[in-house]
Every structure is written in structure tokens, then in C-alpha cells.
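> I am sharing coords-v9.txt, which consists of compact mmCIF, C-alpha atoms and all ligand atoms:
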```txt
# COMPACT_ATOMS: atom_id res chain seq x y z
CA MET A 1 -58.77 -35.12 -57.03
CA LYS A 2 -55.07 -34.94 -57.70
CA PHE A 3 -54.69 -32.58 -54.78
CA ARG A 4 -56.49 -34.99 -52.44
CA ARG A 5 -54.28 -37.89 -53.53
CA THR A 6 -51.21 -35.79 -52.80
CA LEU A 7 -52.48 -34.99 -49.31
CA LEU A 8 -53.21 -38.63 -48.61
CA GLY A 9 -49.81 -39.53 -49.93
CA LEU A 10 -48.16 -37.00 -47.62
CA ALA A 11 -50.10 -38.29 -44.62
CA ALA A 12 -49.08 -41.85 -45.41
CA ALA A 13 -45.46 -40.83 -45.77
CA ALA A 14 -45.56 -38.93 -42.49
CA THR A 15 -47.05 -41.92 -40.68
CA ALA A 16 -44.43 -44.17 -42.19
CA LEU A 17 -41.74 -41.81 -40.89
CA GLY A 18 -43.34 -42.04 -37.44
CA MET A 19 -43.81 -38.28 -37.24
CA PHE A 20 -47.15 -38.62 -35.46
CA SER A 21 -45.91 -40.71 -32.57
CA THR A 22 -44.90 -38.59 -29.58
CA GLY A 23 -41.67 -40.45 -28.93
CA ALA A 24 -40.45 -39.74 -32.42
CA MET A 25 -41.52 -36.09 -32.17
CA ALA A 26 -39.37 -35.66 -29.07
CA GLN A 27 -36.51 -37.51 -30.71
CA ALA A 28 -36.65 -35.19 -33.67
CA ALA A 29 -35.49 -32.47 -31.27
CA TYR A 30 -32.43 -34.39 -30.05
CA LYS A 31 -29.12 -32.80 -30.92
CA PRO A 32 -26.41 -34.86 -32.59
CA GLU A 33 -24.06 -33.87 -29.79
CA TYR A 34 -24.40 -32.33 -26.33
CA LYS A 35 -21.70 -30.09 -24.86
CA MET A 36 -20.47 -30.88 -21.35
CA SER A 37 -18.40 -28.25 -19.54
CA LEU A 38 -15.68 -29.13 -17.02
CA VAL A 39 -12.80 -27.16 -15.52
CA LEU A 40 -10.42 -30.12 -15.23
CA GLY A 41 -9.98 -32.85 -17.81
CA PRO A 42 -9.78 -36.65 -17.63
CA PRO A 43 -6.44 -37.19 -15.86
CA THR A 44 -8.16 -35.76 -12.75
CA PRO A 45 -11.08 -37.25 -10.78
CA TRP A 46 -13.19 -34.28 -11.90
CA GLY A 47 -12.51 -35.07 -15.55
CA GLN A 48 -13.20 -38.75 -14.83
CA ALA A 49 -16.60 -37.76 -13.44
CA GLY A 50 -17.53 -36.21 -16.77
CA LYS A 51 -16.14 -39.06 -18.82
CA ILE A 52 -17.84 -41.80 -16.80
CA TRP A 53 -21.15 -39.94 -16.98
CA ALA A 54 -20.91 -39.34 -20.75
CA ASP A 55 -19.87 -42.95 -21.45
CA LEU A 56 -22.70 -44.41 -19.35
CA VAL A 57 -25.28 -42.18 -21.02
CA LYS A 58 -24.10 -43.04 -24.51
CA GLU A 59 -24.12 -46.76 -23.75
CA ARG A 60 -27.47 -46.81 -21.95
CA THR A 61 -29.25 -44.67 -24.58
CA GLN A 62 -27.68 -46.64 -27.45
CA GLY A 63 -26.11 -43.42 -28.67
CA ARG A 64 -29.32 -41.34 -28.68
CA ILE A 65 -27.57 -38.97 -26.29
CA ASN A 66 -24.04 -38.34 -27.38
CA ILE A 67 -21.96 -36.08 -25.14
CA LYS A 68 -18.69 -34.31 -25.88
CA LEU A 69 -16.44 -33.11 -23.06
CA TYR A 70 -15.13 -29.54 -23.01
CA PRO A 71 -12.52 -29.38 -20.24
CA GLY A 72 -10.78 -26.12 -19.40
CA VAL A 73 -14.24 -24.49 -19.48
CA SER A 74 -13.39 -23.88 -23.12
CA LEU A 75 -17.00 -23.12 -24.10
CA ILE A 76 -16.66 -19.90 -22.10
CA GLN A 77 -12.98 -19.20 -22.81
CA GLY A 78 -11.81 -20.48 -19.44
CA ASP A 79 -13.90 -18.02 -17.46
CA GLN A 80 -15.03 -20.53 -14.85
CA THR A 81 -17.12 -18.21 -12.68
CA ARG A 82 -19.39 -17.58 -15.70
CA GLU A 83 -20.13 -21.29 -16.13
CA PHE A 84 -23.42 -21.26 -14.25
CA SER A 85 -24.83 -18.34 -16.26
CA ALA A 86 -23.75 -20.04 -19.50
CA LEU A 87 -25.52 -23.23 -18.40
CA ARG A 88 -28.69 -21.35 -17.66
CA GLN A 89 -28.52 -19.57 -21.01
CA GLY A 90 -27.89 -22.75 -22.97
CA VAL A 91 -24.35 -21.90 -24.11
CA ILE A 92 -23.49 -25.08 -22.19
CA ASP A 93 -25.84 -28.11 -22.32
CA MET A 94 -24.59 -29.89 -19.22
CA ALA A 95 -21.75 -29.75 -16.72
CA VAL A 96 -19.98 -31.28 -13.79
CA GLY A 97 -19.12 -28.12 -11.89
CA SER A 98 -17.60 -27.05 -8.60
CA THR A 99 -19.75 -25.34 -5.99
CA ILE A 100 -17.02 -22.67 -5.81
CA ASN A 101 -17.36 -21.61 -9.43
CA TRP A 102 -21.16 -21.32 -9.23
CA SER A 103 -21.20 -19.52 -5.87
CA PRO A 104 -21.16 -16.02 -7.37
CA GLN A 105 -24.61 -16.80 -8.89
CA VAL A 106 -25.98 -19.18 -6.24
CA LYS A 107 -24.98 -17.70 -2.90
CA GLN A 108 -26.09 -20.74 -0.87
CA LEU A 109 -23.30 -22.77 -2.48
CA ASN A 110 -20.81 -20.72 -0.46
CA LEU A 111 -21.78 -23.02 2.40
CA PHE A 112 -19.09 -25.49 1.28
CA SER A 113 -16.49 -22.72 1.26
CA MET A 114 -17.10 -21.64 4.84
CA PRO A 115 -13.72 -22.05 6.56
CA PHE A 116 -13.31 -25.23 8.63
CA LEU A 117 -17.02 -26.16 8.48
CA MET A 118 -16.31 -29.73 7.35
CA PRO A 119 -13.67 -31.52 9.45
CA ASP A 120 -13.59 -34.80 7.50
CA TYR A 121 -15.09 -36.76 4.61
CA ALA A 122 -18.01 -37.93 6.74
CA ALA A 123 -18.92 -34.27 7.17
CA ILE A 124 -19.04 -33.69 3.41
CA ASP A 125 -21.28 -36.75 3.05
CA ALA A 126 -23.50 -35.59 5.90
CA LEU A 127 -24.23 -32.48 3.86
CA THR A 128 -24.40 -33.68 0.26
CA GLN A 129 -26.14 -36.99 0.99
CA GLY A 130 -28.57 -35.52 3.54
CA ASP A 131 -31.26 -32.84 3.80
CA VAL A 132 -28.80 -30.02 3.12
CA GLY A 133 -27.97 -31.62 -0.23
CA LYS A 134 -31.67 -31.94 -1.07
CA GLU A 135 -32.30 -28.32 -0.15
CA MET A 136 -29.31 -27.25 -2.25
CA PHE A 137 -30.75 -29.12 -5.25
CA LYS A 138 -34.07 -27.27 -4.82
CA THR A 139 -32.12 -24.02 -4.81
CA LEU A 140 -30.21 -25.00 -7.95
CA ASP A 141 -33.46 -25.97 -9.65
CA LYS A 142 -34.95 -22.57 -8.79
CA ALA A 143 -31.77 -20.92 -10.05
CA GLY A 144 -32.46 -22.43 -13.47
CA VAL A 145 -30.68 -25.78 -13.97
CA VAL A 146 -31.56 -29.46 -13.39
CA PRO A 147 -29.28 -30.87 -10.65
CA LEU A 148 -28.85 -34.66 -10.73
CA ALA A 149 -26.01 -35.88 -8.53
CA TRP A 150 -23.06 -34.95 -6.33
CA GLY A 151 -19.40 -35.63 -7.02
CA GLU A 152 -16.28 -34.28 -5.39
CA ASN A 153 -13.29 -32.11 -6.17
CA GLY A 154 -11.98 -32.49 -2.63
CA PHE A 155 -10.31 -30.95 0.39
CA ARG A 156 -8.28 -27.98 -0.71
CA GLU A 157 -4.77 -27.83 0.70
CA ILE A 158 -2.43 -24.86 0.64
CA THR A 159 0.83 -25.01 -1.30
CA ASN A 160 3.56 -22.40 -1.77
CA SER A 161 7.10 -21.77 -2.98
CA LYS A 162 8.45 -19.96 0.10
CA LYS A 163 8.27 -21.90 3.37
CA PRO A 164 6.30 -24.38 5.46
CA ILE A 165 3.01 -22.90 6.64
CA LYS A 166 2.28 -23.86 10.24
CA SER A 167 0.56 -20.74 11.51
CA PRO A 168 -1.21 -17.68 10.12
CA ALA A 169 2.05 -15.77 10.74
CA ASP A 170 3.76 -17.97 8.11
CA ILE A 171 1.27 -17.09 5.38
CA LYS A 172 1.41 -13.37 6.10
CA GLY A 173 2.18 -11.33 2.98
CA MET A 174 2.20 -14.36 0.67
CA LYS A 175 0.64 -13.83 -2.73
CA ILE A 176 -1.91 -16.62 -3.04
CA ARG A 177 -3.94 -17.36 -6.17
CA VAL A 178 -7.62 -17.85 -5.34
CA VAL A 179 -10.70 -18.52 -7.49
CA GLY A 180 -12.76 -15.45 -8.39
CA SER A 181 -15.28 -16.12 -5.64
CA PRO A 182 -15.28 -13.41 -2.93
CA ILE A 183 -15.30 -15.61 0.18
CA TYR A 184 -11.78 -16.80 -0.77
CA SER A 185 -10.43 -13.26 -0.87
CA ASP A 186 -12.00 -12.68 2.53
CA MET A 187 -10.40 -15.81 4.02
CA PHE A 188 -6.88 -15.11 2.79
CA THR A 189 -7.13 -11.46 3.73
CA ALA A 190 -8.17 -12.52 7.24
CA LEU A 191 -5.06 -14.72 7.39
CA GLY A 192 -2.85 -11.77 6.47
CA ALA A 193 -2.04 -13.12 2.99
CA ASN A 194 -2.35 -11.25 -0.28
CA PRO A 195 -5.04 -13.08 -2.29
CA THR A 196 -5.13 -12.66 -6.06
CA GLN A 197 -8.25 -13.76 -7.93
CA MET A 198 -7.68 -15.52 -11.22
CA SER A 199 -9.07 -18.37 -13.28
CA TRP A 200 -7.38 -21.75 -13.18
CA ALA A 201 -6.20 -21.16 -16.76
CA ASP A 202 -4.32 -18.05 -15.62
CA ALA A 203 -3.13 -19.62 -12.37
CA GLN A 204 -0.80 -22.12 -14.02
CA PRO A 205 1.44 -19.59 -15.82
CA ALA A 206 1.26 -17.34 -12.73
CA LEU A 207 2.67 -20.16 -10.59
CA ALA A 208 5.31 -21.01 -13.17
CA SER A 209 6.55 -17.42 -13.47
CA GLY A 210 6.45 -16.84 -9.72
CA ALA A 211 3.86 -14.06 -10.13
CA VAL A 212 2.08 -15.78 -7.24
CA ASP A 213 3.68 -17.63 -4.32
CA GLY A 214 1.01 -20.23 -3.74
CA GLN A 215 -2.37 -21.73 -4.45
CA GLU A 216 -4.94 -24.02 -2.84
CA ASN A 217 -6.45 -27.08 -4.53
CA PRO A 218 -7.03 -30.79 -3.89
CA LEU A 219 -3.77 -32.73 -3.80
CA PHE A 220 -4.47 -34.89 -6.85
CA LEU A 221 -4.05 -31.72 -8.88
CA PHE A 222 -0.63 -31.20 -7.31
CA THR A 223 0.40 -34.68 -8.44
CA VAL A 224 -1.21 -34.57 -11.90
CA LEU A 225 0.39 -31.22 -12.72
CA LYS A 226 3.65 -31.95 -10.88
CA MET A 227 3.38 -28.61 -9.12
CA GLN A 228 6.81 -29.05 -7.55
CA THR A 229 8.20 -28.39 -11.04
CA VAL A 230 6.69 -24.89 -10.91
CA GLY A 231 8.30 -24.14 -7.57
CA GLN A 232 5.59 -25.37 -5.21
CA LYS A 233 7.87 -26.96 -2.61
CA PHE A 234 5.67 -26.70 0.47
CA VAL A 235 2.29 -28.30 1.15
CA THR A 236 0.22 -27.90 4.32
CA THR A 237 -2.74 -30.21 4.83
CA TRP A 238 -5.15 -27.97 6.69
CA GLY A 239 -8.41 -29.20 5.06
CA TYR A 240 -10.02 -25.78 5.45
CA VAL A 241 -12.70 -26.31 2.76
CA ALA A 242 -13.77 -28.99 0.31
CA ASP A 243 -15.69 -28.37 -2.90
CA PRO A 244 -18.28 -30.92 -4.01
CA LEU A 245 -19.04 -31.21 -7.71
CA VAL A 246 -22.59 -31.09 -9.09
CA PHE A 247 -23.86 -32.91 -12.18
CA VAL A 248 -26.40 -30.69 -13.95
CA VAL A 249 -28.28 -30.31 -17.24
CA ASN A 250 -29.69 -27.17 -18.86
CA LYS A 251 -33.48 -26.99 -18.38
CA GLU A 252 -34.50 -26.82 -22.05
CA ILE A 253 -32.22 -29.68 -22.98
CA TRP A 254 -33.67 -31.73 -20.13
CA ALA A 255 -37.24 -31.01 -21.29
CA SER A 256 -36.36 -32.12 -24.84
CA TRP A 257 -35.58 -35.67 -23.68
CA THR A 258 -38.16 -38.42 -23.19
CA PRO A 259 -38.92 -39.37 -19.56
CA ALA A 260 -37.14 -42.69 -20.17
CA ASP A 261 -33.99 -40.93 -21.35
CA GLN A 262 -34.19 -38.43 -18.47
CA ALA A 263 -34.22 -41.39 -16.08
CA ILE A 264 -31.16 -42.87 -17.80
CA VAL A 265 -29.22 -39.58 -17.63
CA ARG A 266 -30.11 -39.13 -13.95
CA GLN A 267 -29.13 -42.67 -12.97
CA ALA A 268 -25.90 -42.41 -14.96
CA ALA A 269 -25.04 -39.17 -13.08
CA LEU A 270 -25.71 -40.87 -9.73
CA ASP A 271 -23.55 -43.85 -10.70
CA ALA A 272 -20.75 -41.66 -12.06
CA GLY A 273 -20.83 -39.44 -8.96
CA LYS A 274 -20.55 -42.39 -6.62
CA GLU A 275 -17.65 -43.85 -8.58
CA GLU A 276 -15.87 -40.51 -8.87
CA ILE A 277 -16.05 -39.75 -5.14
CA VAL A 278 -14.13 -42.98 -4.50
CA ILE A 279 -11.52 -41.96 -7.10
CA ALA A 280 -11.21 -38.45 -5.60
CA ARG A 281 -10.56 -39.85 -2.11
CA LYS A 282 -8.16 -42.58 -3.16
CA GLY A 283 -4.81 -42.27 -1.41
CA LEU A 284 -6.18 -39.83 1.13
CA VAL A 285 -8.61 -41.95 3.15
CA GLU A 286 -6.19 -44.79 3.90
CA ALA A 287 -4.41 -44.55 7.27
CA ASP A 288 -0.96 -44.09 5.70
CA LYS A 289 -2.22 -41.55 3.10
CA PRO A 290 -0.12 -42.68 0.11
CA VAL A 291 -0.74 -39.43 -1.78
CA LEU A 292 1.12 -37.49 0.92
CA LYS A 293 3.99 -39.96 0.72
CA ASP A 294 4.13 -39.60 -3.07
CA ILE A 295 4.27 -35.83 -2.77
CA ALA A 296 6.97 -35.97 -0.08
CA GLY A 297 8.84 -38.36 -2.37
CA MET A 298 9.00 -35.61 -5.00
CA GLY A 299 11.12 -33.49 -2.65
CA VAL A 300 8.22 -31.49 -1.29
CA THR A 301 7.90 -30.60 2.41
CA VAL A 302 4.51 -31.82 3.59
CA THR A 303 3.28 -30.24 6.82
CA SER A 304 0.42 -31.76 8.80
CA LEU A 305 -0.97 -29.50 11.50
CA THR A 306 -1.46 -30.49 15.12
CA PRO A 307 -4.99 -29.79 16.39
CA ALA A 308 -3.66 -26.73 18.26
CA GLU A 309 -1.93 -25.39 15.13
CA ARG A 310 -5.07 -25.94 13.07
CA ASP A 311 -7.07 -24.10 15.69
CA GLU A 312 -5.07 -20.92 15.04
CA PHE A 313 -6.34 -20.94 11.45
CA VAL A 314 -9.89 -21.64 12.60
CA LYS A 315 -9.74 -18.65 14.96
CA ALA A 316 -8.22 -16.32 12.38
CA THR A 317 -10.93 -17.11 9.83
CA ARG A 318 -13.88 -17.16 12.25
CA PRO A 319 -14.92 -13.56 11.43
CA VAL A 320 -15.20 -14.62 7.77
CA TYR A 321 -17.37 -17.58 8.79
CA ASP A 322 -19.62 -15.27 10.78
CA LYS A 323 -19.81 -12.68 8.00
CA TRP A 324 -20.77 -15.26 5.36
CA LYS A 325 -23.35 -16.99 7.55
CA SER A 326 -25.97 -14.38 6.67
CA THR A 327 -25.11 -14.48 2.95
CA VAL A 328 -25.44 -18.26 2.82
CA GLY A 329 -28.51 -18.18 5.08
CA ALA A 330 -28.35 -18.59 8.86
CA ASP A 331 -30.93 -21.42 8.76
CA LEU A 332 -29.02 -23.38 6.16
CA VAL A 333 -25.74 -22.96 8.06
CA ALA A 334 -27.42 -24.11 11.29
CA LYS A 335 -28.84 -27.15 9.49
CA ALA A 336 -25.40 -27.96 8.10
CA GLU A 337 -23.72 -27.60 11.50
CA GLN A 338 -26.31 -29.96 13.02
CA ALA A 339 -25.93 -32.53 10.25
CA ILE A 340 -22.16 -32.50 10.72
CA ALA A 341 -22.40 -32.81 14.51
CA ALA A 342 -24.70 -35.84 14.06
CA ARG A 343 -22.58 -37.51 11.35
CA LYS A 344 -21.53 -41.16 11.49
CA LYS A 345 -17.74 -41.22 11.62
O1 LIG B 401 -9.83 -23.16 -10.12
C1 LIG B 401 -9.66 -24.03 -9.26
O2 LIG B 401 -8.90 -23.87 -8.31
C2 LIG B 401 -10.43 -25.33 -9.40
C3 LIG B 401 -9.87 -26.08 -10.59
O3 LIG B 401 -10.26 -26.09 -8.26
C4 LIG B 401 -11.86 -24.97 -9.57
O4 LIG B 401 -12.36 -24.91 -10.66
C5 LIG B 401 -12.66 -24.66 -8.36
```
Show me the file's structure as C-alpha cells.

Amino acid sequence: MKFRRTLLGLAAAATALGMFSTGAMAQAAYKPEYKMSLVLGPPTPWGQAGKIWADLVKERTQGRINIKLYPGVSLIQGDQTREFSALRQGVIDMAVGSTINWSPQVKQLNLFSMPFLMPDYAAIDALTQGDVGKEMFKTLDKAGVVPLAWGENGFREITNSKKPIKSPADIKGMKIRVVGSPIYSDMFTALGANPTQMSWADAQPALASGAVDGQENPLFLFTVLKMQTVGQKFVTTWGYVADPLVFVVNKEIWASWTPADQAIVRQAALDAGKEEIVIARKGLVEADKPVLKDIAGMGVTVTSLTPAERDEFVKATRPVYDKWKSTVGADLVAKAEQAIAARKK
């Protein structure tokens, strides 16, 4: 009798706590804090992407999903090319990551690193906002994460401490820091340079000490870090590649959220991505390109290539393009080329 009363009492208590309603069961599995990995922090558009996403999610879920930013890929000790594996394994709950850093694990992502594939911003949009982007998300899903939205790091321009780069002959022998993703070593080797793979964390001291002569990254990073103060006196805007960013969530974490919360996180990623792409392009899409003026104003020589000069770089890297076509997938590359040719300018 006493035993039965106790059982009834327990059942009543459990019902009162809402333990038998499915929503509450799922909520019981929510973590107090989710870890978001980023390479660059909030002063950059990339960092803004993460912050906007996290803030929107917190607000729209009334704090049910609380996200902390870990810039500098600090959850994996700065080893950015391991980020995708860490996401899949659950060391990282969510990320806004560059296609470059995940390319060693997802070979199709090398598409965006194929030299001179995307001539302008409309070309990036033609890929990410079209069928190629959808196909890429299917690939990412199969590779073990939940992709939600696109953002943008940007067109990567070459900077160095030695001299203006106008032709492949100028870059010959220069020690250039590249990300640890093999297509970059291939491209700079094809140009006659001496590429050195290192993480972004290691790149900054290497630039400061002169251990490397140059690097390639979107120009906002040049301005944010004041790269002229570490000897980077020459910038060439060649727009050879651009890396989109991808907003993703670990699969188990995703499955632990209610469908309503999943919808909120997805929509927040789409909204943040859209807003961030505008931030990333600011100063570079206007006719007078104020970012270039700012950089020139810091005593840096900014070189814009004529179409004929640019063509020399296209030709020199064409064998790399052809070599990587089969790795990325000839069909996917053909689809991308068609989408770009048909883009609205
Ligand atoms: O390491 C880089 O160059 C950076 C910050 O652009 C990436 O993470 C791809």
C-alpha cells in the first residue's frame, strides 16, 4: 500500500515536471551553451557572421539556445584544417567556416578555390545561390554536418613585402604563406613562387618576422590587422579565388532540438548570411572602391591588373585548374562554369 502510494506520488511529480510531454523531453537534452567555431573574430565580416547568427538565435529562442563564439579556431588549438572533422565528431557544436579549411575533407569544396573560376561577385552568387550551392549542401550533409546558409569571406588578394606583382615573373621565388589546403600549394608553385603552408595563427608572426614575404586574404583582413605595419607594402587585386563561408551545425546537436527551434536556427543562419555578405562586400562593390583608397592611404602600393596582365596569371595556373577538375568532379565543374556563364551581371 505504501509502495503504491509512493509510485503514484512519483508519477504525479513527474507529470507536474512535464517529463512526459515530448517537447520537455527534448528540452531536457539542451545544453546550457553551444560552442561555435570561427577562424576570424568579430572585427571582421566573418566574425560578424557568427555574432549575428548567435544573437538572432538567442533572441528568437528566448535563450533556449545560447551560443558562445570561439574565434581563432580555439576549440582545436588553431588547427583550422581540422575544423570539419571536429564538427563531425562533436568537438565543435556549430561553425561558420570557410570552404578552404574544409576542402581537405570535402573535396568538392575545392571548386571555389579553382583559379580564376569566379570573375566577379555575381559569379559567386550564381554558384552559392543556385543549383551548385544546393548540390554542395547535399554533399556536406552526406559528409556528416547540417549545412544551413552561405556567407562570404571574399576575394583573396595577394600582398607582399618586396615589390608590386604585375606578372607571374614578379612573384617568382617569393615565399608566400598559404592555407594547408593542397590546391593552394599547386597554384603558387605553378606561378613560380615558394608556397609555405601554415595556419592563420602561425601566419601572423611569420609575416611580422619576415619569415614569409607575402600572403593572400580578403582585403578587410589587411585593414583590420593593419598588415602594412608588418611589412606588407604591396597589394595586387587579382581576384583569383573567393571563399564562401558555410553556416553548419553538428548532426547530433541538430537532432536534439525541436523542429520549431531547428527552423529558428536555420532562418537565423539565412538572415545572418545575407547580412554578412553585404558587410563583406562593403567598400569593394562601389565604383570607387573605398577600401582600395584606404589601403593606398596607408602608404601601400595597390596594383590593379589590366585584363591582359590578369590573363598571364590565368594561363600560368590553367594546368592547376585542369588537374583539380577531376578531384572536384568534372560534372560539378561543368555545372559551375555554365552557371557563371549564364549569370546576371
Ligand atoms: O587562413 C586564412 O587565410 C583564412 C583566415 O582566410 C582562412 O581561414 C581561410
> Considering all atoms listed in the file, tabulate each residue of chain A that lies at most 7 Å from ligand LIG 401 (chain B) along with its nearest interatomic pair and the corresponding distance in Å to one decimal; arrange the rows by chain and ascending residue number and present them as a Markdown table.

```
| residue | atom | partner | partner_atom | distance |
| --- | --- | --- | --- | --- |
| A:Val39 | CA | B:LIG401 | O4 | 5.4 |
| A:Leu40 | CA | B:LIG401 | C3 | 6.2 |
| A:Gln80 | CA | B:LIG401 | O4 | 6.6 |
| A:Ser98 | CA | B:LIG401 | C5 | 5.5 |
| A:Ile100 | CA | B:LIG401 | C5 | 5.4 |
| A:Asn101 | CA | B:LIG401 | C5 | 5.7 |
| A:Val178 | CA | B:LIG401 | O2 | 6.8 |
| A:Val179 | CA | B:LIG401 | O1 | 5.4 |
| A:Ser199 | CA | B:LIG401 | O1 | 5.8 |
| A:Trp200 | CA | B:LIG401 | O1 | 4.2 |
| A:Glu216 | CA | B:LIG401 | O2 | 6.8 |
| A:Asn217 | CA | B:LIG401 | O3 | 5.4 |
```
> State, in Å with one decimal place, the distance from CA of Lys142 in chain A to CA of Gln262 in chain A.
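It comes out at 18.6 Å.
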> Name all residues at most 9 Å from range 292-302 of chain A (count all atoms listed in the file; drop same-chain ones fewer than 2 positions away) and give them as number ranges by chain.
A: 163-164, 219, 222-223, 226, 228, 232-237, 283-284, 288-290, 304
> Might you pull out every residue within 7 Å of range 240-250 of chain A, with only C-alpha atoms counted and same-chain residues fewer than 5 positions away left off, and present them as a PyMOL selection string?
chain A and resi 87-88+90+93-100+112-116+118+145-156+269
> Which residues are near Glu276 in chain A? Cut-off 10 Å, all atoms listed in the file, ignore same chain within fewer than 5 positions. Put them as a ChimeraX atom specification.
/A:44-50,52-53,150-153,245,270-271,281-282
> Would you please work out which residue, of A:Ala29, A:Met36, A:Ala122, A:Ile183, is nearest to Trp324 in chain A when using only C-alpha atoms?
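For Trp324 in chain A, the nearest of the given residues is A:Ile183.
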> For Trp238 in chain A, list every protein, DNA or RNA residue within 7 Å, evaluated using only C-alpha atoms, and leave out those in the same chain fewer than 3 positions away; present the list as a list in words.
Glu157, Leu305 and Arg310 of chain A
> Rounded to one decimal, what separation in Å do you get between CA of Gly63 in chain A and CA of Ile264 in chain A?
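Interatomic distance, CA of Gly63 in chain A to CA of Ile264 in chain A: 12.0 Å.
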> Can you tell me how far CA of Gly72 in chain A sits from CA of Pro104 in chain A, in Å to one decimal?
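We find that CA of Gly72 in chain A and CA of Pro104 in chain A lie 18.8 Å from each other.
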> Which residue out of A:Ile340, A:Met198, A:Ala287, A:Val132 has the minimum interatomic distance to Ser185 in chain A when only C-alpha atoms are used?
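Looking only at the distances to Ser185 in chain A, the closest residue turns out to be A:Met198.
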> From the list A:Thr128, A:Ser326, A:Pro119, A:Asp141, which residue is nearest Pro307 in chain A when using all atoms listed in the file?
A:Pro119
